[in-house]
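A.B. asks: This is data.tsv, which holds TSV, C-alpha atoms:
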chain	number	residue	atom	x	y	z
A	24	MET	CA	40.87	-69.53	122.36
A	25	ALA	CA	38.33	-71.42	124.43
A	26	ASP	CA	37.86	-70.98	128.14
A	27	LEU	CA	37.23	-73.87	130.50
A	28	ILE	CA	35.30	-72.55	133.48
A	29	ALA	CA	34.54	-74.52	136.63
A	30	ILE	CA	32.09	-73.10	139.16
A	31	GLY	CA	31.96	-74.92	142.49
A	32	TYR	CA	28.91	-74.96	144.74
A	33	PRO	CA	28.65	-75.94	148.43
A	34	ASP	CA	25.82	-78.44	147.88
A	35	GLU	CA	24.86	-81.24	145.50
A	36	ALA	CA	21.94	-79.50	143.70
A	37	THR	CA	23.04	-75.99	142.74
A	38	ALA	CA	25.29	-76.99	139.81
A	39	ASP	CA	22.32	-78.63	138.04
A	40	ALA	CA	20.21	-75.46	138.50
A	41	ALA	CA	23.11	-73.32	137.26
A	42	ALA	CA	23.52	-75.63	134.23
A	43	ASP	CA	19.84	-75.05	133.37
A	44	GLU	CA	20.51	-71.30	133.54
A	45	ALA	CA	23.59	-71.70	131.32
A	46	ARG	CA	21.48	-73.56	128.74
A	47	ARG	CA	18.93	-70.72	128.88
A	48	LEU	CA	21.71	-68.16	128.38
A	49	ALA	CA	22.93	-70.18	125.40
A	50	GLY	CA	19.40	-70.10	123.94
A	51	ASP	CA	19.40	-66.32	124.34
A	52	LEU	CA	22.87	-66.15	122.70
A	53	ILE	CA	24.42	-64.58	125.80
A	54	ILE	CA	26.96	-67.40	125.99
A	55	GLN	CA	28.03	-69.87	123.33
A	56	PRO	CA	29.07	-73.02	125.11
A	57	ASP	CA	30.65	-75.86	123.19
A	58	ALA	CA	29.73	-78.15	126.06
A	59	ILE	CA	28.29	-78.08	129.57
A	60	ALA	CA	28.91	-80.64	132.30
A	61	VAL	CA	27.90	-81.01	135.93
A	62	ILE	CA	29.72	-83.20	138.38
A	63	VAL	CA	28.19	-83.97	141.75
A	64	ARG	CA	30.22	-85.46	144.56
A	65	GLU	CA	27.92	-87.32	146.91
A	66	THR	CA	28.53	-87.26	150.66
A	67	ASP	CA	29.92	-90.81	150.38
A	68	GLY	CA	32.60	-89.50	147.97
A	69	SER	CA	31.14	-91.02	144.78
A	70	TYR	CA	30.80	-88.91	141.62
A	71	HIS	CA	27.88	-88.42	139.22
A	72	VAL	CA	28.33	-86.64	135.89
A	73	HIS	CA	25.71	-85.04	133.62
A	74	THR	CA	26.79	-83.60	130.27
A	75	THR	CA	25.27	-81.73	127.35
A	76	HIS	CA	26.97	-80.79	124.12
A	77	HIS	CA	26.08	-79.98	120.55
A	78	VAL	CA	25.78	-83.28	118.65
A	79	VAL	CA	26.47	-81.47	115.36
A	80	GLY	CA	29.75	-80.17	116.79
A	81	GLY	CA	31.09	-83.61	117.67
A	82	GLY	CA	28.96	-84.69	120.61
A	83	ALA	CA	30.79	-87.98	121.03
A	84	ALA	CA	34.13	-86.19	121.15
A	85	TRP	CA	32.84	-83.80	123.84
A	86	GLY	CA	31.59	-86.75	125.85
A	87	MET	CA	35.09	-88.18	125.65
A	88	PHE	CA	36.56	-84.77	126.50
A	89	TRP	CA	34.57	-84.60	129.75
A	90	GLY	CA	35.46	-88.22	130.48
A	91	PHE	CA	39.16	-87.50	130.08
A	92	LEU	CA	38.96	-84.25	132.02
A	93	PHE	CA	37.14	-85.79	134.98
A	94	GLY	CA	39.36	-88.87	134.82
A	95	LEU	CA	42.42	-86.63	134.94
A	96	LEU	CA	41.06	-84.45	137.73
A	97	PHE	CA	39.48	-87.07	139.95
A	98	PHE	CA	41.20	-90.30	138.83
A	99	ILE	CA	37.89	-91.90	137.90
A	100	PRO	CA	36.70	-93.35	134.61
A	101	VAL	CA	33.64	-91.37	133.56
A	102	LEU	CA	30.84	-91.97	131.09
A	103	GLY	CA	31.41	-95.72	130.99
A	104	MET	CA	34.84	-95.36	129.36
A	105	ALA	CA	37.06	-98.34	129.95
A	106	VAL	CA	40.48	-97.69	131.40
A	107	GLY	CA	43.12	-99.26	129.21
A	108	ALA	CA	46.36	-98.58	127.38
A	109	GLY	CA	44.64	-96.37	124.82
A	110	MET	CA	42.99	-94.25	127.48
A	111	GLY	CA	46.25	-94.00	129.37
A	112	ALA	CA	48.01	-92.66	126.29
A	113	LEU	CA	45.26	-90.12	125.66
A	114	MET	CA	45.26	-89.09	129.32
A	115	GLY	CA	48.99	-88.44	129.04
A	116	LYS	CA	48.46	-86.27	125.99
A	117	PHE	CA	45.59	-84.49	127.70
A	118	ALA	CA	47.68	-83.82	130.80
A	119	LYS	CA	50.33	-82.09	128.65
A	120	THR	CA	47.90	-79.45	127.34
A	121	SER	CA	47.47	-76.05	128.87
A	122	ILE	CA	45.06	-77.26	131.55
A	123	ASP	CA	47.65	-76.37	134.09
A	124	LYS	CA	48.43	-78.19	137.29
A	125	GLN	CA	47.27	-75.27	139.46
A	126	PHE	CA	43.81	-75.34	137.84
A	127	GLN	CA	43.64	-79.12	138.29
A	128	ASP	CA	44.61	-78.83	141.97
A	129	GLN	CA	42.10	-76.03	142.58
A	130	VAL	CA	39.26	-78.05	141.04
A	131	ARG	CA	40.17	-81.12	143.10
A	132	GLY	CA	40.26	-79.02	146.26
A	133	MET	CA	36.93	-77.39	145.46
A	134	LEU	CA	34.94	-80.58	144.86
A	135	LYS	CA	34.62	-82.07	148.34
A	136	PRO	CA	31.99	-84.66	149.35
A	137	GLY	CA	28.51	-83.09	149.38
A	138	THR	CA	29.34	-80.46	146.74
A	139	SER	CA	28.89	-79.99	142.99
A	140	ALA	CA	30.47	-78.07	140.12
A	141	LEU	CA	29.38	-76.72	136.76
A	142	PHE	CA	31.91	-76.97	133.91
A	143	LEU	CA	31.54	-74.85	130.77
A	144	MET	CA	33.70	-74.90	127.64
A	145	LEU	CA	33.02	-71.44	126.19
A	146	GLU	CA	34.06	-69.81	122.95
A	147	LYS	CA	32.09	-66.58	123.29
A	148	VAL	CA	30.35	-64.81	126.15
A	149	THR	CA	28.66	-61.48	126.84
A	150	PRO	CA	30.28	-61.08	130.26
A	151	ASP	CA	28.01	-58.54	131.96
A	152	LYS	CA	24.78	-60.39	131.16
A	153	ALA	CA	26.25	-63.81	131.88
A	154	VAL	CA	27.70	-62.73	135.24
A	155	GLU	CA	24.42	-61.07	136.22
A	156	ALA	CA	22.38	-64.19	135.36
A	157	MET	CA	24.76	-66.67	136.98
A	158	SER	CA	25.50	-64.60	140.11
A	159	LYS	CA	22.27	-65.68	141.81
A	160	TYR	CA	23.80	-69.14	142.23
A	161	GLY	CA	26.98	-67.91	143.92
A	162	GLY	CA	29.82	-70.38	143.81
A	163	THR	CA	33.57	-70.32	143.38
A	164	VAL	CA	34.76	-69.64	139.83
A	165	LEU	CA	37.92	-71.16	138.37
A	166	LYS	CA	39.02	-70.53	134.78
A	167	THR	CA	41.73	-71.73	132.42
A	168	SER	CA	42.19	-71.19	128.71
A	169	LEU	CA	43.01	-73.60	125.92
A	170	SER	CA	44.84	-72.28	122.89
A	171	LYS	CA	43.57	-73.22	119.43
A	172	ASP	CA	46.57	-75.58	119.11
A	173	ASP	CA	45.71	-77.29	122.42
A	174	GLU	CA	42.06	-77.61	121.36
A	175	LYS	CA	43.12	-79.15	118.03
A	176	GLU	CA	45.56	-81.52	119.76
A	177	LEU	CA	42.81	-82.70	122.12
A	178	GLN	CA	40.31	-83.17	119.30
A	179	ASP	CA	42.93	-85.05	117.25
A	180	ALA	CA	43.63	-87.33	120.21
A	181	LEU	CA	39.93	-87.92	120.80
A	182	HIS	CA	39.37	-88.78	117.13
A	183	GLY	CA	42.34	-91.16	117.05
A	184	GLY	CA	44.60	-89.13	114.76
A	185	GLU	CA	44.80	-85.97	112.75
A	186	THR	CA	41.53	-84.22	111.94
A	187	THR	CA	41.05	-83.00	108.44
A	188	ALA	CA	40.72	-79.32	107.66
A	189	GLN	CA	37.16	-78.13	107.22
Now that the file is in, can you turn its structure into structure tokens?
C.D. replies:
Amino acid sequence: MADLIAIGYPDEATADAAADEARRLAGDLIIQPDAIAVIVRETDGSYHVHTTHHVVGGGAAWGMFWGFLFGLLFFIPVLGMAVGAGMGALMGKFAKTSIDKQFQDQVRGMLKPGTSALFLMLEKVTPDKAVEAMSKYGGTVLKTSLSKDDEKELQDALHGGETTAQ
């Protein structure tokens, strides 16, 4: 089971600094993120997204994942993805996964103009060390879990069909 964690910050810069710390923690094997994303909401209400993910582990698919997630949460096309019938179908499939409505509403409410948020898709974490390292940034933490079936369904949708067993 993977955890999707969103940490909201009261300014536009802290999420980027926290993402740098998360990458350092990954290098020290304290966390094992599949992907890291930062979304900044400017004071004018516009959004800016920065993502990192392991290219070996399907970097393009993670880019699409963040695009779908942020499109679902904030009703904006992200990462240059065109909005069309195909995206609409995938968004519908994505919305039916275990990213529950309460989590979606909490994230929307947290990301007001002039704020930012760090998003982590984590498989494994050493909680005490990770919490200690990330606590210096403060923030509001929201978490939801995706079952292995939901993860597979999302990956299948992102790859345009069934993925083959490895």
A.B. asks: I need the residue nearest Ser69 of chain A from this list: A:Leu165, A:Leu134, A:Ala38, A:Met144. Use only C-alpha atoms for the distance.
C.D. replies: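 Using only C-alpha atoms, the shortest distance to Ser69 of chain A belongs to A:Leu134.
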A.B. asks: Check the smallest atom-to-atom distance from each of A:Ala156, A:Val148, A:Val130, A:Ile30 to Leu92 of chain A using all atoms listed in the file, then report the winner.
C.D. replies: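 Under the stated criterion, the closest residue is A:Val130.
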A.B. asks: Measure the distance from atom CA of Gly68 of chain A to atom CA of Ala45 of chain A in Å and round it to one decimal.
C.D. replies: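 Spanning atom CA of Gly68 of chain A to atom CA of Ala45 of chain A is a straight-line distance of 26.0 Å.
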A.B. asks: For each of A:Ile54, A:Ala49, A:Leu169, A:Val164, take the minimum atom-to-atom distance to Ala29 of chain A, counting all atoms listed in the file, then give the residue where this is smallest.
C.D. replies: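 Selected residue with least distance to Ala29 of chain A: A:Val164.
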A.B. asks: Of the candidates A:Ala60, A:Glu44, A:Ala25, A:Leu52, which shows the shortest atom-to-atom distance to Phe142 of chain A, using all atoms listed in the file?
C.D. replies: A:Ala60
A.B. asks: By how many Å are atom CA of Val154 of chain A and atom CA of Ala41 of chain A apart?
C.D. replies: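 Value for the atom CA of Val154 of chain A-atom CA of Ala41 of chain A distance: 11.7 Å.
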A.B. asks: Of the candidates A:Ser158, A:Ser139, A:Ser168, A:Thr163, which shows the shortest atom-to-atom distance to Val72 of chain A, using only C-alpha atoms?
C.D. replies: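 The answer is A:Ser139, which sits nearest to Val72 of chain A.
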A.B. asks: State, in Å with one decimal place, the distance from atom CA of His71 of chain A to atom CA of Arg131 of chain A.
C.D. replies: 14.8 Å
A.B. asks: Choose the residue, out of A:Asp172, A:Asp67, A:Glu146, A:Asp51, that has the smallest atom-to-atom separation from Asp26 of chain A; count all atoms listed in the file.
C.D. replies: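 Closest residue, counting all atoms listed in the file: A:Glu146.
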A.B. asks: Show which residues sit within 8 Å of Ala42 of chain A, as a list in words. Count all atoms listed in the file, and ignore same-chain residues fewer than 5 positions away.
C.D. replies: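 Non-adjacent residues within range: Ile59, Ala60, Val61 and Leu141 of chain A.
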A.B. asks: How about saving the chosen residues, C-alpha atoms kept, as a JSON list (two decimals), in the coordinates of the input?
C.D. replies:
[["chain", "number", "residue", "atom", "x", "y", "z"],
["A", 59, "ILE", "CA", 28.29, -78.08, 129.57],
["A", 60, "ALA", "CA", 28.91, -80.64, 132.30],
["A", 61, "VAL", "CA", 27.90, -81.01, 135.93],
["A", 141, "LEU", "CA", 29.38, -76.72, 136.76]]
A.B. asks: Provide segment 62-73 of chain A rebuilt to all heavy atoms, formatted as an mmCIF file, keeping the file's coordinate frame.
C.D. replies:
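Result file follows (rebuild_1.cif):
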data_model
loop_
_atom_site.group_PDB
_atom_site.id
_atom_site.type_symbol
_atom_site.label_atom_id
_atom_site.label_comp_id
_atom_site.auth_asym_id
_atom_site.auth_seq_id
_atom_site.Cartn_x
_atom_site.Cartn_y
_atom_site.Cartn_z
ATOM 1 N N ILE A 62 29.248 -82.057 137.604
ATOM 2 C CA ILE A 62 29.720 -83.200 138.380
ATOM 3 C C ILE A 62 29.284 -82.975 139.823
ATOM 4 O O ILE A 62 29.430 -81.890 140.366
ATOM 5 C CB ILE A 62 31.255 -83.406 138.244
ATOM 6 C CG1 ILE A 62 31.682 -84.701 138.939
ATOM 7 C CG2 ILE A 62 32.028 -82.219 138.751
ATOM 8 C CD1 ILE A 62 33.070 -85.173 138.554
ATOM 9 N N VAL A 63 28.671 -84.000 140.382
ATOM 10 C CA VAL A 63 28.190 -83.970 141.750
ATOM 11 C C VAL A 63 29.018 -84.977 142.545
ATOM 12 O O VAL A 63 29.204 -86.115 142.110
ATOM 13 C CB VAL A 63 26.695 -84.344 141.828
ATOM 14 C CG1 VAL A 63 26.221 -84.421 143.273
ATOM 15 C CG2 VAL A 63 25.853 -83.352 141.032
ATOM 16 N N ARG A 64 29.516 -84.538 143.678
ATOM 17 C CA ARG A 64 30.220 -85.460 144.560
ATOM 18 C C ARG A 64 29.323 -85.710 145.765
ATOM 19 O O ARG A 64 29.068 -84.820 146.573
ATOM 20 C CB ARG A 64 31.564 -84.905 145.005
ATOM 21 C CG ARG A 64 32.371 -85.936 145.758
ATOM 22 C CD ARG A 64 33.834 -85.679 145.703
ATOM 23 N NE ARG A 64 34.543 -86.761 146.357
ATOM 24 C CZ ARG A 64 35.741 -86.633 146.886
ATOM 25 N NH1 ARG A 64 36.370 -85.473 146.821
ATOM 26 N NH2 ARG A 64 36.320 -87.663 147.461
ATOM 27 N N GLU A 65 28.827 -86.923 145.829
ATOM 28 C CA GLU A 65 27.920 -87.320 146.910
ATOM 29 C C GLU A 65 28.664 -87.287 148.247
ATOM 30 O O GLU A 65 29.891 -87.308 148.295
ATOM 31 C CB GLU A 65 27.392 -88.734 146.654
ATOM 32 C CG GLU A 65 26.703 -88.924 145.312
ATOM 33 C CD GLU A 65 25.340 -88.267 145.232
ATOM 34 O OE1 GLU A 65 24.743 -87.981 146.293
ATOM 35 O OE2 GLU A 65 24.876 -88.030 144.113
ATOM 36 N N THR A 66 27.914 -87.284 149.330
ATOM 37 C CA THR A 66 28.530 -87.260 150.660
ATOM 38 C C THR A 66 29.389 -88.492 150.924
ATOM 39 O O THR A 66 30.317 -88.441 151.723
ATOM 40 C CB THR A 66 27.460 -87.119 151.767
ATOM 41 O OG1 THR A 66 26.489 -88.152 151.603
ATOM 42 C CG2 THR A 66 26.789 -85.761 151.709
ATOM 43 N N ASP A 67 29.106 -89.604 150.219
ATOM 44 C CA ASP A 67 29.920 -90.810 150.380
ATOM 45 C C ASP A 67 31.196 -90.769 149.529
ATOM 46 O O ASP A 67 31.971 -91.718 149.526
ATOM 47 C CB ASP A 67 29.107 -92.070 150.072
ATOM 48 C CG ASP A 67 28.708 -92.196 148.604
ATOM 49 O OD1 ASP A 67 29.090 -91.343 147.769
ATOM 50 O OD2 ASP A 67 27.994 -93.172 148.284
ATOM 51 N N GLY A 68 31.401 -89.658 148.777
ATOM 52 C CA GLY A 68 32.600 -89.500 147.970
ATOM 53 C C GLY A 68 32.452 -89.946 146.523
ATOM 54 O O GLY A 68 33.351 -89.722 145.716
ATOM 55 N N SER A 69 31.332 -90.584 146.164
ATOM 56 C CA SER A 69 31.140 -91.020 144.780
ATOM 57 C C SER A 69 30.784 -89.823 143.897
ATOM 58 O O SER A 69 30.328 -88.785 144.381
ATOM 59 C CB SER A 69 30.041 -92.087 144.699
ATOM 60 O OG SER A 69 28.802 -91.554 145.104
ATOM 61 N N TYR A 70 31.027 -89.979 142.591
ATOM 62 C CA TYR A 70 30.800 -88.910 141.620
ATOM 63 C C TYR A 70 29.663 -89.286 140.680
ATOM 64 O O TYR A 70 29.516 -90.445 140.305
ATOM 65 C CB TYR A 70 32.053 -88.690 140.765
ATOM 66 C CG TYR A 70 33.254 -88.192 141.529
ATOM 67 C CD1 TYR A 70 34.165 -89.081 142.092
ATOM 68 C CD2 TYR A 70 33.484 -86.833 141.680
ATOM 69 C CE1 TYR A 70 35.277 -88.629 142.778
ATOM 70 C CE2 TYR A 70 34.593 -86.368 142.361
ATOM 71 C CZ TYR A 70 35.489 -87.269 142.913
ATOM 72 O OH TYR A 70 36.583 -86.817 143.593
ATOM 73 N N HIS A 71 28.900 -88.260 140.259
ATOM 74 C CA HIS A 71 27.880 -88.420 139.220
ATOM 75 C C HIS A 71 28.073 -87.288 138.240
ATOM 76 O O HIS A 71 28.220 -86.129 138.636
ATOM 77 C CB HIS A 71 26.469 -88.375 139.813
ATOM 78 C CG HIS A 71 26.194 -89.506 140.746
ATOM 79 N ND1 HIS A 71 25.848 -90.756 140.308
ATOM 80 C CD2 HIS A 71 26.260 -89.581 142.099
ATOM 81 C CE1 HIS A 71 25.696 -91.553 141.349
ATOM 82 N NE2 HIS A 71 25.947 -90.865 142.448
ATOM 83 N N VAL A 72 28.074 -87.624 136.935
ATOM 84 C CA VAL A 72 28.330 -86.640 135.890
ATOM 85 C C VAL A 72 27.126 -86.550 134.963
ATOM 86 O O VAL A 72 26.548 -87.565 134.583
ATOM 87 C CB VAL A 72 29.582 -87.050 135.065
ATOM 88 C CG1 VAL A 72 29.821 -86.079 133.924
ATOM 89 C CG2 VAL A 72 30.797 -87.137 135.969
ATOM 90 N N HIS A 73 26.758 -85.310 134.606
ATOM 91 C CA HIS A 73 25.710 -85.040 133.620
ATOM 92 C C HIS A 73 26.338 -84.121 132.581
ATOM 93 O O HIS A 73 26.940 -83.110 132.954
ATOM 94 C CB HIS A 73 24.519 -84.314 134.244
ATOM 95 C CG HIS A 73 24.069 -84.872 135.546
ATOM 96 N ND1 HIS A 73 22.990 -85.698 135.667
ATOM 97 C CD2 HIS A 73 24.564 -84.720 136.807
ATOM 98 C CE1 HIS A 73 22.834 -86.034 136.932
ATOM 99 N NE2 HIS A 73 23.780 -85.448 137.643
#
